[in-house]
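Engineer: Just dropping this structure here.
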Amino acid sequence: MNPAPPSPAPPAPTAGRLIDPAVLMGIRHLELRARVVVEGFWSGLHRSPYHGFSVEFTEYRAYTPGDDLRYLDWRVLARSDRYYVKRFEDETNLRCHLLVDQSRSMAFGSRPYTKADYAATLAASLAWFLHLQGDAVGLLTFHETVGEYLPPRHRPGHLRRLLFLLDRPAAGRGTDLTAPLTRAAELLRKRGLVVLISDFLAPLDRLQAALLELAAGGHEIVLFQILDPAERTFDFRHPAVFEDLESGRTLQLDPAPARADYQRRLAAHDAALRELCRRLGLGFTRLETHQPLELALLEFLRRRTERGRRLLRVARPAARGPSPNR
Amino acid sequence: MNFLAPWFWWGALAVAGPLIFHLVRRTTRERVPFSSLLFLRPAPPRLTRRNRLEHLLLLALRCLVLVLLAAGFARPFLHALFPALAPEGPARRTVLLVDTSASMRRGDLWSRALARADARLRRAGPADQVAVLTFDRTVTPRVTFEQWNAAPVNERAALARAQLAAVQPGWAATHLDAALIRAAELAAEPGPTATELAREVVVLSDLQAGSRIAALQGHEWPREVTFHFEPLPPPPTSNAALHWLPESDETATPAEAPAAVRLRVVNAPDATREQFRVGWAAADPADFAAPPLEVYVPPGQSRVVTLKPPSPVPAGAVRLTGDEEPFDNLVFVAPPQPLPLYVLYFGRDTAGDPRSARFFLERAFPPTRHREVRVLAPDPAAPSPAAEIEAAALAVVTVPLNPALGAALRPLLARGRAVLFVPPDAAAAASLAELVPGAHLAAEERQPADYALLAELDFRHPLLAPFADPRFSDFSKIRFWRHRRLDLSGCPEARVLARFDSGDPALVDLPAGRGRVLVWAAGWQPAESQLALATKFVPLLHSVLDLSAGPPPATVQFSVGDPLPLPELPAAARAAATLRGPDGATTPLPAGATQFERTDAPGLYELVAGETVWRRAVNLAPGESRLEPLAVEELERLGVPLAAAAPPPTLAAARQQRLLAAELENRQKLWRWCLLAALGLVALETFLAGRAARRHAMLQPASS
């Protein structure tokens, strides 16, 4: 019998352990913020019998002489009298690219912190987390063009440099996802995990072209859409002149009558974006800046786990090939 | 209802403020930055209920407050019948003073003055009285009140105009004070009619800073007389003045004539020019007789320059060029020439005898620049011809008077001159009666044991007044060996000026008609006293001479209008003498005149008596060159009440009406009610607005 790999679904952190982003953003240092998030999350994971997905079993392959006997699956051998060697994810030497949007639209925030702060903290937390796992993490910031690019490494001091680049104030103005993502596709030669953090408030056709180009590189792509709660609810009260942070265009608006139309159009954009992700097989997570960052990590981990299972399912028939039952 | 200040109704336009605020207060210009306008479609704020006029009551109250405030400021008053306008004021008694001083010669000042005077004269009503006076250093009536009143009403102005048209500005100084005092007295005189008169003095003048106003200090301006000044502002010009600085050293002898002439160039404070040329004037008005001096004088400063005379006789005219006003650019220079004075000595002394009184008398009068004293010694037994007596300034008699001598000297006394009588002995004293009839002067010879001293001197007498200073009043070193003891009981009018230490009179002043006889009780020759050798002798004799002939002229330079002193001349010489003015016209000397008064133009005045020519320089008064305007406030400071310029009749009527309206408004004070109502409305508005705000605040949380 082919042993079913254990289900590594991480436990949902309870609300009491989550850190309020308003409190978290009160910490000035980005590195400290990331550490707080990751360590809190890490301590939550330690209660689980699983030690993270990096030790996750991913596939079996037939034992060939010379393989390390430590990885021989004795249970399979006992059950099926076949020699299989377990392969683990951490052996795959994951390369993760964090693509962080630093355009002016990310500078919006109805809270004491902006979407850009939230995105930077999220990226820093992911980087920290992955670094702890021993993965190589790289960074590419962009606005209308590519800003900073740091190739994935796992070296001492690399994480610190990455955090430093994340902490730099955004200098960009508009969001043109096409050009920077095309450029990123050129830069990211080796396949790996691409985490794209942006508000995705851009025309969908452009977004689609850019994501297609990136996905064509064979990367596993996870999208984190960062939105401010006010962007969703549009709960402005008084008529005012609304100014586009990116283009500087102004619009005199009475929010009350415009709200429904706005929410409808935003929802349509959101649905179209999700549909696009589904079609392209991209992971999509929407985060609002009032939500705890641990949720993002949890979601990230969940998706990784799901993917691991999926891979496992894909790999299982292959594994059955040399199965003793065959 | 009328309003005193209706233009304040413009303030009522402020009601537009609340209207606009009520309309636009919801239209915000607030800018909200937003991440992206991608999903927003233009939705301009619609005119909702909140944007329309709301709180109509509050709006009305606010508008009403503003209207009431505007009404209050407009000073409303209820129209009432104005009292009939006061009739035109009483008849006026006007003295028109027109300046004819030298400074009025500038530009078109005089024609403008005539035009102003004409306008004044035209305004005179039939009941008005006008006198026209012109003034420079003297005041000249041109039309008196009597002439004005006597003339037909329609010819009065023409008469005054004609009189003024015949006048031209002269060269004299501006004595504004004397003119004002005279005009004020004239205006204050009671008129021929008993009707009440508005009295005024109107001055038409350029009122330059050189005008003399000092005498107004002690004058009390008549209360009923108002003063109107019609200024004639001259065009701004740059003027510089030239003054001659004659030598003032009186002790210098005529031989020490100055080799050069000193001149002072004064530039006006507001002058725009600084470079001038000074030189001896040639016949051509624009040319110099010799190369002129270049003089640089900054505005408001003065420089003294020395000019060498072109001829041995340094008399002539010096010209200044470089400024814009030519009327004061010529100054006349004449060095001082001594006036001859004759002292007659009647005595038996021989000339050159150092023991005689005559010896010392002849040496007591050295010639000076101003005076040349000649001592003549005719024979006392045969008195000198009348011509000598007529020209004599003083007579000294040291012999007993005989009837012939007395008769000869009496005309001298009649001319106010003095006779110094020194009786040689006691018997001679009685002969005074030959000169002064009725004077019985008894005397007896007195020889003190050692000597007599002067003990008691009357320094209040003009003769001894120069010695009154303690530095000069010590006569105690003069010893008298012998003297006459005068008995003045027969001369009650005699005044003892000095006494010996024995109490006997030493010097007696005896009036005789216009003149006087000074009796000395002792001679000054060494046989009788040490007086001739004392330092007091020469000043004492000069004092006697000054007492008799008057002091020497203090100045050698005269202003236009100053009288020129004439030298004492024998009758024959006087009859032949002529006086030549600057225009070349010669006039004979008036008989008996001691001075020439018609110096009405600047220039050199020459007295020609035979071969002798006396020159006197008459120049423009220095004050006339100070052309900057005099502040009228100076006159007010001196007590001349300056009246405001009379407005035209229409304006006066309008002012009157306005005054009445102001009075009416002041009585009614309706603005207070407006203000009170406005305050009440403000209180009501505050209450209503507060209530509305509270209600709104209560509704707001519920809606949010």
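Ligands are numbered from 1 in the order shown, residues from 1 within each chain, and chains are lettered A, B, ... in the order they appear in the structure tokens.
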What's around A:Ser125 at 12 Å? Count only C-alpha atoms, leave out sequence neighbours fewer than 2 positions away in its own chain, and write the answer as a short mmCIF file (atom, residue, chain, number, x, y, z; two decimals) with N, CA and C atoms, in the first residue's frame.
Structural biologist:
```
data_model
loop_
_atom_site.label_atom_id
_atom_site.label_comp_id
_atom_site.auth_asym_id
_atom_site.auth_seq_id
_atom_site.Cartn_x
_atom_site.Cartn_y
_atom_site.Cartn_z
N LEU A 24 1.83 46.34 14.84
CA LEU A 24 3.06 45.89 14.18
C LEU A 24 3.73 47.03 13.42
N LEU A 30 12.06 47.62 9.86
CA LEU A 30 11.44 46.60 9.01
C LEU A 30 11.90 45.19 9.40
N GLU A 31 13.18 45.08 9.72
CA GLU A 31 13.73 43.77 10.07
C GLU A 31 13.06 43.23 11.33
N LEU A 32 12.85 44.13 12.27
CA LEU A 32 12.22 43.75 13.52
C LEU A 32 10.78 43.34 13.29
N ARG A 33 10.12 44.06 12.40
CA ARG A 33 8.73 43.71 12.09
C ARG A 33 8.66 42.29 11.51
N ALA A 34 9.56 42.04 10.55
CA ALA A 34 9.56 40.72 9.91
C ALA A 34 9.85 39.62 10.92
N ARG A 35 10.79 39.91 11.80
CA ARG A 35 11.16 38.90 12.80
C ARG A 35 9.99 38.61 13.72
N VAL A 36 9.30 39.69 14.14
CA VAL A 36 8.15 39.49 15.03
C VAL A 36 7.11 38.61 14.35
N VAL A 37 6.84 38.90 13.09
CA VAL A 37 5.82 38.13 12.38
C VAL A 37 6.24 36.67 12.26
N VAL A 38 7.45 36.49 11.82
CA VAL A 38 7.88 35.12 11.52
C VAL A 38 8.05 34.30 12.79
N GLU A 39 8.60 34.90 13.80
CA GLU A 39 8.82 34.12 15.03
C GLU A 39 7.52 33.75 15.69
N GLY A 40 6.55 34.71 15.66
CA GLY A 40 5.23 34.40 16.20
C GLY A 40 4.62 33.25 15.42
N PHE A 41 4.76 33.34 14.13
CA PHE A 41 4.20 32.28 13.29
C PHE A 41 4.92 30.96 13.50
N TRP A 42 6.22 31.03 13.62
CA TRP A 42 7.07 29.86 13.83
C TRP A 42 6.69 29.14 15.11
N LEU A 98 10.92 37.65 -4.80
CA LEU A 98 9.85 38.54 -4.29
C LEU A 98 9.77 39.74 -5.22
N TYR A 118 2.80 47.98 4.29
CA TYR A 118 2.27 46.64 4.52
C TYR A 118 2.94 45.65 3.58
N ALA A 119 3.06 46.05 2.32
CA ALA A 119 3.67 45.16 1.33
C ALA A 119 5.12 44.88 1.67
N ALA A 120 5.83 45.90 2.13
CA ALA A 120 7.24 45.72 2.48
C ALA A 120 7.36 44.76 3.66
N THR A 121 6.46 44.91 4.63
CA THR A 121 6.52 44.04 5.79
C THR A 121 6.20 42.59 5.38
N LEU A 122 5.23 42.46 4.50
CA LEU A 122 4.88 41.13 4.03
C LEU A 122 6.06 40.49 3.30
N ALA A 123 6.69 41.28 2.42
CA ALA A 123 7.82 40.75 1.67
C ALA A 123 8.96 40.40 2.61
N ALA A 127 10.56 36.78 3.22
CA ALA A 127 12.00 36.60 3.00
C ALA A 127 12.65 35.98 4.24
N TRP A 128 12.25 36.48 5.36
CA TRP A 128 12.81 35.98 6.62
C TRP A 128 12.46 34.51 6.81
N PHE A 129 11.19 34.23 6.55
CA PHE A 129 10.70 32.88 6.72
C PHE A 129 11.46 31.92 5.80
N LEU A 130 11.57 32.32 4.54
CA LEU A 130 12.24 31.45 3.58
C LEU A 130 13.72 31.32 3.91
N HIS A 131 14.27 32.40 4.40
CA HIS A 131 15.68 32.36 4.75
C HIS A 131 15.92 31.38 5.90
N LEU A 132 14.99 31.40 6.82
CA LEU A 132 15.11 30.46 7.92
C LEU A 132 15.03 29.01 7.41
N VAL A 137 16.46 33.60 -1.44
CA VAL A 137 15.43 34.62 -1.65
C VAL A 137 16.04 35.78 -2.43
N LEU A 159 20.15 38.56 3.48
CA LEU A 159 18.82 38.95 3.97
C LEU A 159 18.82 40.41 4.43
N LEU A 162 18.65 42.63 1.53
CA LEU A 162 17.31 42.58 0.95
C LEU A 162 16.35 43.48 1.75
N LEU A 163 16.46 43.33 3.04
CA LEU A 163 15.58 44.16 3.89
C LEU A 163 15.90 45.64 3.71
N LEU A 166 14.24 46.80 0.65
CA LEU A 166 12.79 46.90 0.86
C LEU A 166 12.42 48.17 1.63
N PRO A 292 -4.05 40.69 9.75
CA PRO A 292 -2.74 40.31 10.30
C PRO A 292 -1.89 39.65 9.23
N LEU A 293 -0.61 39.87 9.32
CA LEU A 293 0.30 39.36 8.31
C LEU A 293 0.49 37.85 8.42
N GLU A 294 0.20 37.31 9.64
CA GLU A 294 0.35 35.88 9.79
C GLU A 294 -0.58 35.12 8.84
N LEU A 295 -1.72 35.76 8.56
CA LEU A 295 -2.66 35.13 7.64
C LEU A 295 -2.01 34.93 6.28
N ALA A 296 -1.21 35.93 5.89
CA ALA A 296 -0.55 35.83 4.60
C ALA A 296 0.44 34.67 4.61
N LEU A 297 1.18 34.56 5.71
CA LEU A 297 2.14 33.46 5.80
C LEU A 297 1.41 32.12 5.78
N LEU A 298 0.31 32.13 6.53
CA LEU A 298 -0.47 30.89 6.62
C LEU A 298 -0.98 30.49 5.24
N PHE A 300 0.23 31.38 2.45
CA PHE A 300 1.39 31.01 1.64
C PHE A 300 1.75 29.55 1.89
#
```
Engineer: Please identify all polymer residues within 8 Å of stretch 621-630 of chain B, counting only C-alpha atoms, omitting same-chain residues fewer than 2 positions from it, and present them as a CSV table (one decimal) with C-alpha atoms, in the first residue's frame.
Structural biologist:
```
chain,number,residue,atom,x,y,z
B,101,SER,CA,9.6,144.6,-2.6
B,102,ALA,CA,12.5,143.7,-4.7
B,103,SER,CA,11.8,140.0,-4.6
B,172,ALA,CA,13.5,147.9,-1.2
B,173,ALA,CA,13.3,145.3,1.5
B,174,THR,CA,10.1,143.6,2.7
B,206,ASP,CA,5.6,136.0,-2.3
B,207,LEU,CA,6.3,135.9,1.4
B,208,GLN,CA,10.0,135.1,1.0
B,209,ALA,CA,12.0,134.1,4.1
B,210,GLY,CA,13.8,137.5,4.1
B,211,SER,CA,10.7,139.4,5.0
B,239,ASN,CA,19.4,131.8,-6.4
B,240,ALA,CA,22.7,133.0,-5.0
B,241,ALA,CA,23.3,136.3,-3.3
B,243,HIS,CA,27.2,140.8,-0.3
B,268,ALA,CA,20.3,129.3,-1.2
B,270,ASP,CA,17.3,124.8,-2.2
B,328,ASP,CA,20.2,140.5,-6.9
B,559,SER,CA,20.4,149.3,1.7
B,560,VAL,CA,17.8,150.7,-0.6
B,619,ASN,CA,22.7,147.8,-2.3
B,632,VAL,CA,2.8,131.1,7.3
B,634,GLU,CA,5.6,131.8,11.7
```
Engineer: Assign secondary structure with DSSP using the backbone only, and return the residues of stretch 17-228 of chain A in strand (DSSP E) as a compact mmCIF listing (two decimals) with N, CA and C atoms, in the first residue's frame.
Structural biologist:
```
# COMPACT_ATOMS: atom_id res chain seq x y z
N PHE A 57 7.75 15.56 2.50
CA PHE A 57 8.03 14.52 1.52
C PHE A 57 7.42 14.93 0.19
N THR A 58 8.15 14.81 -0.89
CA THR A 58 7.61 15.23 -2.18
C THR A 58 7.48 14.07 -3.18
N GLU A 59 8.44 13.23 -3.22
CA GLU A 59 8.34 12.17 -4.24
C GLU A 59 9.18 10.95 -3.84
N TYR A 60 8.92 9.87 -4.51
CA TYR A 60 9.72 8.65 -4.36
C TYR A 60 10.44 8.39 -5.67
N ARG A 61 11.57 7.78 -5.52
CA ARG A 61 12.19 7.28 -6.74
C ARG A 61 12.87 5.95 -6.43
N ALA A 62 13.10 5.24 -7.40
CA ALA A 62 13.68 3.91 -7.20
C ALA A 62 15.10 4.03 -6.70
N TYR A 84 12.67 2.09 -2.32
CA TYR A 84 12.36 3.46 -2.74
C TYR A 84 13.12 4.44 -1.88
N VAL A 85 13.43 5.47 -2.48
CA VAL A 85 14.13 6.53 -1.75
C VAL A 85 13.19 7.76 -1.69
N LYS A 86 13.05 8.30 -0.50
CA LYS A 86 12.19 9.49 -0.35
C LYS A 86 12.99 10.74 -0.76
N ARG A 87 12.33 11.61 -1.46
CA ARG A 87 12.99 12.90 -1.78
C ARG A 87 12.22 14.02 -1.09
N PHE A 88 12.92 14.92 -0.62
CA PHE A 88 12.26 16.00 0.15
C PHE A 88 12.41 17.34 -0.57
N ARG A 95 14.26 28.52 -5.06
CA ARG A 95 14.65 29.92 -5.32
C ARG A 95 13.37 30.75 -5.37
N CYS A 96 13.31 31.63 -4.49
CA CYS A 96 12.10 32.48 -4.42
C CYS A 96 12.43 33.90 -4.82
N HIS A 97 11.61 34.46 -5.72
CA HIS A 97 11.77 35.87 -6.11
C HIS A 97 10.58 36.65 -5.55
N LEU A 98 10.92 37.65 -4.80
CA LEU A 98 9.85 38.54 -4.29
C LEU A 98 9.77 39.74 -5.22
N LEU A 99 8.65 39.91 -5.89
CA LEU A 99 8.46 41.06 -6.77
C LEU A 99 7.52 42.06 -6.05
N VAL A 100 8.04 43.15 -5.68
CA VAL A 100 7.27 44.10 -4.84
C VAL A 100 7.00 45.38 -5.62
N ASP A 101 5.73 45.71 -5.67
CA ASP A 101 5.30 46.94 -6.36
C ASP A 101 5.59 48.15 -5.46
N ALA A 136 16.85 30.24 -1.02
CA ALA A 136 17.45 31.46 -1.57
C ALA A 136 16.33 32.43 -1.89
N VAL A 137 16.46 33.60 -1.44
CA VAL A 137 15.43 34.62 -1.65
C VAL A 137 16.04 35.78 -2.43
N GLY A 138 15.32 36.20 -3.45
CA GLY A 138 15.76 37.38 -4.20
C GLY A 138 14.67 38.43 -4.18
N LEU A 139 15.02 39.60 -4.62
CA LEU A 139 14.04 40.71 -4.56
C LEU A 139 14.12 41.50 -5.85
N LEU A 140 12.93 41.89 -6.31
CA LEU A 140 12.87 42.80 -7.45
C LEU A 140 11.76 43.82 -7.15
N THR A 141 12.14 45.02 -7.02
CA THR A 141 11.12 46.07 -6.81
C THR A 141 10.87 46.75 -8.14
N PHE A 142 9.65 47.22 -8.31
CA PHE A 142 9.32 47.84 -9.60
C PHE A 142 8.26 48.90 -9.39
N VAL A 146 11.77 48.56 -13.65
CA VAL A 146 12.35 47.75 -12.58
C VAL A 146 13.19 48.68 -11.70
N GLY A 147 12.97 48.62 -10.41
CA GLY A 147 13.73 49.47 -9.50
C GLY A 147 15.02 48.79 -9.06
N GLU A 148 14.89 47.95 -8.08
CA GLU A 148 16.07 47.26 -7.56
C GLU A 148 15.93 45.77 -7.88
N TYR A 149 17.07 45.16 -8.10
CA TYR A 149 17.04 43.71 -8.34
C TYR A 149 18.15 43.07 -7.54
N LEU A 150 17.75 42.07 -6.75
CA LEU A 150 18.71 41.34 -5.94
C LEU A 150 18.49 39.85 -6.26
N PRO A 151 19.46 39.21 -6.87
CA PRO A 151 19.25 37.80 -7.23
C PRO A 151 19.12 36.95 -5.98
N PRO A 152 18.45 35.81 -6.09
CA PRO A 152 18.25 34.94 -4.92
C PRO A 152 19.58 34.34 -4.45
N ARG A 153 19.82 34.46 -3.18
CA ARG A 153 21.03 33.92 -2.57
C ARG A 153 20.66 33.40 -1.20
N LEU A 193 10.11 30.06 -7.42
CA LEU A 193 8.86 30.61 -6.88
C LEU A 193 8.90 32.11 -7.05
N VAL A 194 7.84 32.66 -7.63
CA VAL A 194 7.75 34.12 -7.80
C VAL A 194 6.57 34.61 -6.98
N VAL A 195 6.86 35.45 -6.05
CA VAL A 195 5.80 36.05 -5.22
C VAL A 195 5.63 37.49 -5.67
N LEU A 196 4.48 37.81 -6.23
CA LEU A 196 4.24 39.14 -6.77
C LEU A 196 3.31 39.88 -5.82
N ILE A 197 3.81 40.94 -5.26
CA ILE A 197 3.04 41.70 -4.27
C ILE A 197 2.70 43.06 -4.89
N SER A 198 1.42 43.31 -5.08
CA SER A 198 1.02 44.57 -5.71
C SER A 198 -0.45 44.81 -5.40
N GLU A 220 6.59 29.09 -10.54
CA GLU A 220 5.40 29.01 -9.73
C GLU A 220 5.13 30.42 -9.22
N ILE A 221 3.92 30.92 -9.48
CA ILE A 221 3.65 32.33 -9.21
C ILE A 221 2.56 32.44 -8.17
N VAL A 222 2.85 33.21 -7.20
CA VAL A 222 1.85 33.50 -6.17
C VAL A 222 1.63 35.02 -6.16
N LEU A 223 0.35 35.42 -6.25
CA LEU A 223 0.03 36.84 -6.27
C LEU A 223 -0.55 37.25 -4.91
N PHE A 224 -0.02 38.28 -4.37
CA PHE A 224 -0.63 38.88 -3.16
C PHE A 224 -1.14 40.25 -3.54
N GLN A 225 -2.46 40.38 -3.50
CA GLN A 225 -3.01 41.70 -3.79
C GLN A 225 -3.22 42.46 -2.48
N ILE A 226 -2.59 43.59 -2.37
CA ILE A 226 -2.68 44.39 -1.14
C ILE A 226 -3.66 45.52 -1.40
N LEU A 227 -4.68 45.60 -0.62
CA LEU A 227 -5.65 46.69 -0.75
C LEU A 227 -5.87 47.34 0.60
```
Engineer: So which residues touch A:Ala107 within 7 Å, counting only C-alpha atoms, skipping near sequence neighbours fewer than 4 positions away, as a compact mmCIF listing (two decimals) with N, CA and C atoms, in the first residue's frame?
Structural biologist:
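Listing of part-v3.txt after writing:
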```txt
# COMPACT_ATOMS: atom_id res chain seq x y z
N THR A 114 0.78 52.82 5.11
CA THR A 114 0.31 52.72 3.73
C THR A 114 0.36 51.27 3.26
N LYS A 115 -0.16 51.11 2.07
CA LYS A 115 -0.10 49.78 1.46
C LYS A 115 1.35 49.37 1.21
N ALA A 116 2.17 50.37 0.89
CA ALA A 116 3.57 50.08 0.62
C ALA A 116 4.25 49.54 1.88
```
Engineer: Using only C-alpha atoms, find which residues of chain A lie within 9 Å of chain B and jot them down as a ChimeraX atom specification.
Structural biologist: /A:104-109,201-203,231,238-255,257-259,261-266,269
Engineer: Please compute the atom CA of B:Glu274-atom CA of B:Pro246 distance, one decimal, in Å.
Structural biologist: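 One can read the atom CA of B:Glu274 to atom CA of B:Pro246 distance as 24.7 Å.
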